[in-house]
>>> print(open('work-v6.cif').read())   # mmCIF, C-alpha atoms
data_final
loop_
_atom_site.group_PDB
_atom_site.id
_atom_site.type_symbol
_atom_site.label_atom_id
_atom_site.label_comp_id
_atom_site.auth_asym_id
_atom_site.auth_seq_id
_atom_site.Cartn_x
_atom_site.Cartn_y
_atom_site.Cartn_z
ATOM 1 C CA MET A 1 123.491 -113.176 108.004
ATOM 2 C CA THR A 2 125.138 -109.835 107.575
ATOM 3 C CA ALA A 3 125.003 -106.595 109.537
ATOM 4 C CA CYS A 4 122.565 -103.838 108.616
ATOM 5 C CA LEU A 5 123.618 -100.478 107.262
ATOM 6 C CA ARG A 6 120.801 -98.718 109.104
ATOM 7 C CA LEU A 7 118.957 -99.565 112.272
ATOM 8 C CA PRO A 8 115.234 -100.244 112.050
ATOM 9 C CA GLY A 9 112.983 -98.056 114.162
ATOM 10 C CA THR A 10 109.802 -100.094 113.883
ATOM 11 C CA ILE A 11 108.888 -103.754 114.007
ATOM 12 C CA ASP A 12 107.841 -103.685 110.338
ATOM 13 C CA GLU A 13 111.196 -102.189 109.339
ATOM 14 C CA ALA A 14 112.973 -104.853 111.376
ATOM 15 C CA VAL A 15 111.005 -107.619 109.653
ATOM 16 C CA ASP A 16 111.681 -106.075 106.234
ATOM 17 C CA LEU A 17 115.423 -106.027 106.936
ATOM 18 C CA LEU A 18 115.352 -109.502 108.466
ATOM 19 C CA LEU A 19 113.601 -110.909 105.400
ATOM 20 C CA LYS A 20 116.562 -109.783 103.300
ATOM 21 C CA GLN A 21 118.665 -112.158 105.393
ATOM 22 C CA VAL A 22 116.335 -115.166 105.442
ATOM 23 C CA PRO A 23 117.021 -117.583 102.590
ATOM 24 C CA LEU A 24 114.013 -118.397 100.426
ATOM 25 C CA SER A 25 114.413 -122.036 101.379
ATOM 26 C CA ALA A 26 113.861 -121.173 105.051
ATOM 27 C CA ARG A 27 110.823 -118.931 104.581
ATOM 28 C CA ALA A 28 108.292 -121.715 104.014
ATOM 29 C CA GLU A 29 109.807 -123.725 106.839
ATOM 30 C CA ILE A 30 109.355 -120.800 109.229
ATOM 31 C CA ALA A 31 105.839 -120.066 107.975
ATOM 32 C CA LEU A 32 104.810 -123.676 108.577
ATOM 33 C CA MET A 33 106.137 -123.757 112.148
ATOM 34 C CA SER A 34 103.683 -123.839 114.981
ATOM 35 C CA ASP A 35 104.240 -121.159 117.583
ATOM 36 C CA ASP A 36 105.581 -123.867 119.927
ATOM 37 C CA TYR A 37 108.574 -124.333 117.619
ATOM 38 C CA LEU A 38 109.484 -120.652 117.227
ATOM 39 C CA ILE A 39 111.819 -120.993 120.178
ATOM 40 C CA TRP A 40 114.180 -122.834 117.820
ATOM 41 C CA LEU A 41 114.655 -119.562 115.930
ATOM 42 C CA HIS A 42 115.492 -117.584 119.031
ATOM 43 C CA MET A 43 119.126 -118.578 119.340
ATOM 44 C CA ASP A 44 120.310 -117.711 115.814
ATOM 45 C CA TYR A 45 117.730 -115.200 114.643
ATOM 46 C CA GLY A 46 117.383 -113.627 118.076
ATOM 47 C CA ASN A 47 121.125 -113.160 118.372
ATOM 48 C CA PHE A 48 121.266 -111.608 114.908
ATOM 49 C CA ILE A 49 118.361 -109.264 115.698
ATOM 50 C CA ARG A 50 119.856 -108.169 119.011
ATOM 51 C CA ASN A 51 123.247 -107.420 117.463
ATOM 52 C CA ALA A 52 122.514 -106.249 113.907
ATOM 53 C CA PHE A 53 119.493 -104.140 114.837
ATOM 54 C CA GLY A 54 121.210 -102.492 117.793
ATOM 55 C CA LEU A 55 118.932 -103.847 120.497
ATOM 56 C CA SER A 56 121.947 -104.758 122.605
ATOM 57 C CA THR A 57 123.522 -101.344 122.064
ATOM 58 C CA GLY A 58 120.641 -98.975 122.607
ATOM 59 C CA ASN A 59 118.296 -98.838 119.601
ATOM 60 C CA ARG A 60 115.688 -97.006 121.647
ATOM 61 C CA ALA A 61 113.216 -96.632 118.792
ATOM 62 C CA LEU A 62 112.960 -100.367 118.139
ATOM 63 C CA MET A 63 112.954 -101.194 121.842
ATOM 64 C CA ALA A 64 110.053 -98.784 122.319
ATOM 65 C CA ALA A 65 108.220 -100.218 119.308
ATOM 66 C CA THR A 66 108.376 -103.705 120.797
ATOM 67 C CA GLY A 67 107.198 -102.502 124.178
ATOM 68 C CA ARG A 68 109.733 -104.737 125.910
ATOM 69 C CA GLN A 69 112.387 -103.941 128.479
ATOM 70 C CA THR A 70 115.199 -106.269 127.412
ATOM 71 C CA ALA A 71 116.924 -106.864 124.088
ATOM 72 C CA ASP A 72 116.183 -110.575 124.407
ATOM 73 C CA ASP A 73 112.442 -109.993 124.814
ATOM 74 C CA ALA A 74 112.418 -107.369 122.057
ATOM 75 C CA SER A 75 114.097 -109.771 119.628
ATOM 76 C CA TRP A 76 111.357 -112.293 120.381
ATOM 77 C CA VAL A 77 108.720 -109.740 119.304
ATOM 78 C CA VAL A 78 110.528 -109.334 115.961
ATOM 79 C CA ILE A 79 110.759 -113.113 115.484
ATOM 80 C CA GLU A 80 107.021 -113.479 116.091
ATOM 81 C CA ALA A 81 106.320 -110.639 113.645
ATOM 82 C CA LEU A 82 108.528 -112.333 111.034
ATOM 83 C CA TRP A 83 106.637 -115.590 111.537
ATOM 84 C CA ARG A 84 103.243 -113.880 111.232
ATOM 85 C CA ARG A 85 104.352 -112.050 108.061
ATOM 86 C CA LEU A 86 105.611 -115.251 106.436
ATOM 87 C CA LYS A 87 102.431 -117.134 107.400
ATOM 88 C CA SER A 88 100.347 -114.339 105.909
ATOM 89 C CA GLU A 89 102.381 -114.313 102.691
ATOM 90 C CA MET A 90 102.099 -118.075 102.391
ATOM 91 C CA HIS A 91 98.321 -117.908 102.816
ATOM 92 C CA MET A 92 98.093 -115.175 100.180
ATOM 93 C CA VAL A 93 100.166 -117.198 97.713
ATOM 94 C CA ASN A 94 98.013 -120.243 98.300
ATOM 95 C CA GLY A 95 94.770 -118.274 98.052
ATOM 96 C CA ILE A 96 93.897 -118.845 101.685
ATOM 97 C CA HIS A 97 92.546 -115.906 103.646
ATOM 98 C CA ALA A 98 93.401 -116.352 107.287
#
>>> encode(input="work-v6.cif", output="structure tokens")
Amino acid sequence: MTACLRLPGTIDEAVDLLLKQVPLSARAEIALMSDDYLIWLHMDYGNFIRNAFGLSTGNRALMAATGRQTADDASWVVIEALWRRLKSEMHMVNGIHA
């Protein structure tokens, strides 16, 4: 994953930027995960989110958008939003309305 040229200010912007980094091969895998397995994303994706999106260095807008007090917790909000977006996209592609 590579660094971002601009810092996201909202959760949706963070997910949009994160999706540019997630390989297509990993998207279905993430979408099919149960929420119990999301913790496996937290080390790599969480670290990327904290560093590339400026959560560890004071991105106040994104921290406020997540409603969390720590960069670690805020990155978790973005991971969950990514997962929900990918699940939604997968359901739309498959004609399932969930």
>>> resolve_selection(input="work-v6.cif", expression="the PyMOL selection byres ((chain A and resi 62) around 7)", output="list in words")
Pro8, Gly9, Thr10, Ile11, Asn59, Arg60, Ala61, Met63, Ala64, Ala65 and Thr66 of chain A
>>> resolve_selection(input="work-v6.cif", expression="the PyMOL selection byres ((chain A and resi 30) around 9)", output="ChimeraX atom specification")
/A:26-29,31-34,38,41,82-83,86-87
>>> residues_near_point(input="work-v6.cif", point="(110.8, -107.5, 119.7)", cutoff="10 Å", atoms="all atoms listed in the file", output="JSON, numbers by chain")
{"A": [10, 11, 14, 46, 49, 50, 55, 62, 63, 64, 65, 66, 67, 68, 69, 70, 71, 72, 73, 74, 75, 76, 77, 78, 79, 80, 81]}
>>> atom_distance(input="work-v6.cif", atom1="atom CA of Leu24 of chain A", atom2="atom CA of Thr57 of chain A")
29.1 Å
>>> atom_distance(input="work-v6.cif", atom1="atom CA of Leu7 of chain A", atom2="atom CA of Tyr37 of chain A")
27.4 Å
>>> atom_distance(input="work-v6.cif", atom1="atom CA of Asp12 of chain A", atom2="atom CA of Gly54 of chain A")
15.4 Å
>>> closest_residue(input="work-v6.cif", among="A:Arg84, A:Leu17, A:Glu89, A:Pro23", to="Asp35 of chain A", atoms="all atoms listed in the file")
A:Arg84
>>> decode(input="work-v6.cif", residues="segment 3-50 of chain A", atoms="C-alpha atoms", output="tab-separated table (two decimals), in the first residue's frame")
chain	number	residue	atom	x	y	z
A	3	ALA	CA	0.82	6.80	1.03
A	4	CYS	CA	-2.00	9.19	0.18
A	5	LEU	CA	-1.48	12.55	-1.44
A	6	ARG	CA	-4.33	14.09	0.54
A	7	LEU	CA	-5.79	13.24	3.91
A	8	PRO	CA	-9.41	12.12	4.06
A	9	GLY	CA	-11.73	14.16	6.24
A	10	THR	CA	-14.65	11.75	6.35
A	11	ILE	CA	-15.10	8.02	6.76
A	12	ASP	CA	-16.44	7.73	3.20
A	13	GLU	CA	-13.39	9.54	1.82
A	14	ALA	CA	-11.14	7.24	3.84
A	15	VAL	CA	-12.89	4.16	2.45
A	16	ASP	CA	-12.69	5.54	-1.09
A	17	LEU	CA	-8.94	6.07	-0.73
A	18	LEU	CA	-8.46	2.72	0.99
A	19	LEU	CA	-10.27	0.92	-1.83
A	20	LYS	CA	-7.65	2.25	-4.25
A	21	GLN	CA	-5.11	0.28	-2.22
A	22	VAL	CA	-7.05	-2.97	-1.80
A	23	PRO	CA	-6.31	-5.47	-4.57
A	24	LEU	CA	-9.36	-6.77	-6.41
A	25	SER	CA	-8.44	-10.27	-5.29
A	26	ALA	CA	-8.79	-9.24	-1.64
A	27	ARG	CA	-12.11	-7.40	-1.96
A	28	ALA	CA	-14.32	-10.49	-2.15
A	29	GLU	CA	-12.35	-12.13	0.64
A	30	ILE	CA	-12.95	-9.12	2.90
A	31	ALA	CA	-16.62	-8.89	1.92
A	32	LEU	CA	-17.15	-12.55	2.81
A	33	MET	CA	-15.54	-12.24	6.25
A	34	SER	CA	-17.72	-12.42	9.29
A	35	ASP	CA	-17.28	-9.54	11.68
A	36	ASP	CA	-15.43	-11.91	14.04
A	37	TYR	CA	-12.61	-12.17	11.50
A	38	LEU	CA	-12.19	-8.44	10.83
A	39	ILE	CA	-9.59	-8.32	13.58
A	40	TRP	CA	-7.23	-10.02	11.12
A	41	LEU	CA	-7.31	-6.85	9.02
A	42	HIS	CA	-6.47	-4.59	11.92
A	43	MET	CA	-2.73	-5.13	11.96
A	44	ASP	CA	-1.95	-4.36	8.30
A	45	TYR	CA	-4.91	-2.25	7.23
A	46	GLY	CA	-5.16	-0.51	10.59
A	47	ASN	CA	-1.49	0.41	10.52
A	48	PHE	CA	-1.82	1.74	6.98
A	49	ILE	CA	-4.92	3.78	7.90
A	50	ARG	CA	-3.30	5.25	11.00
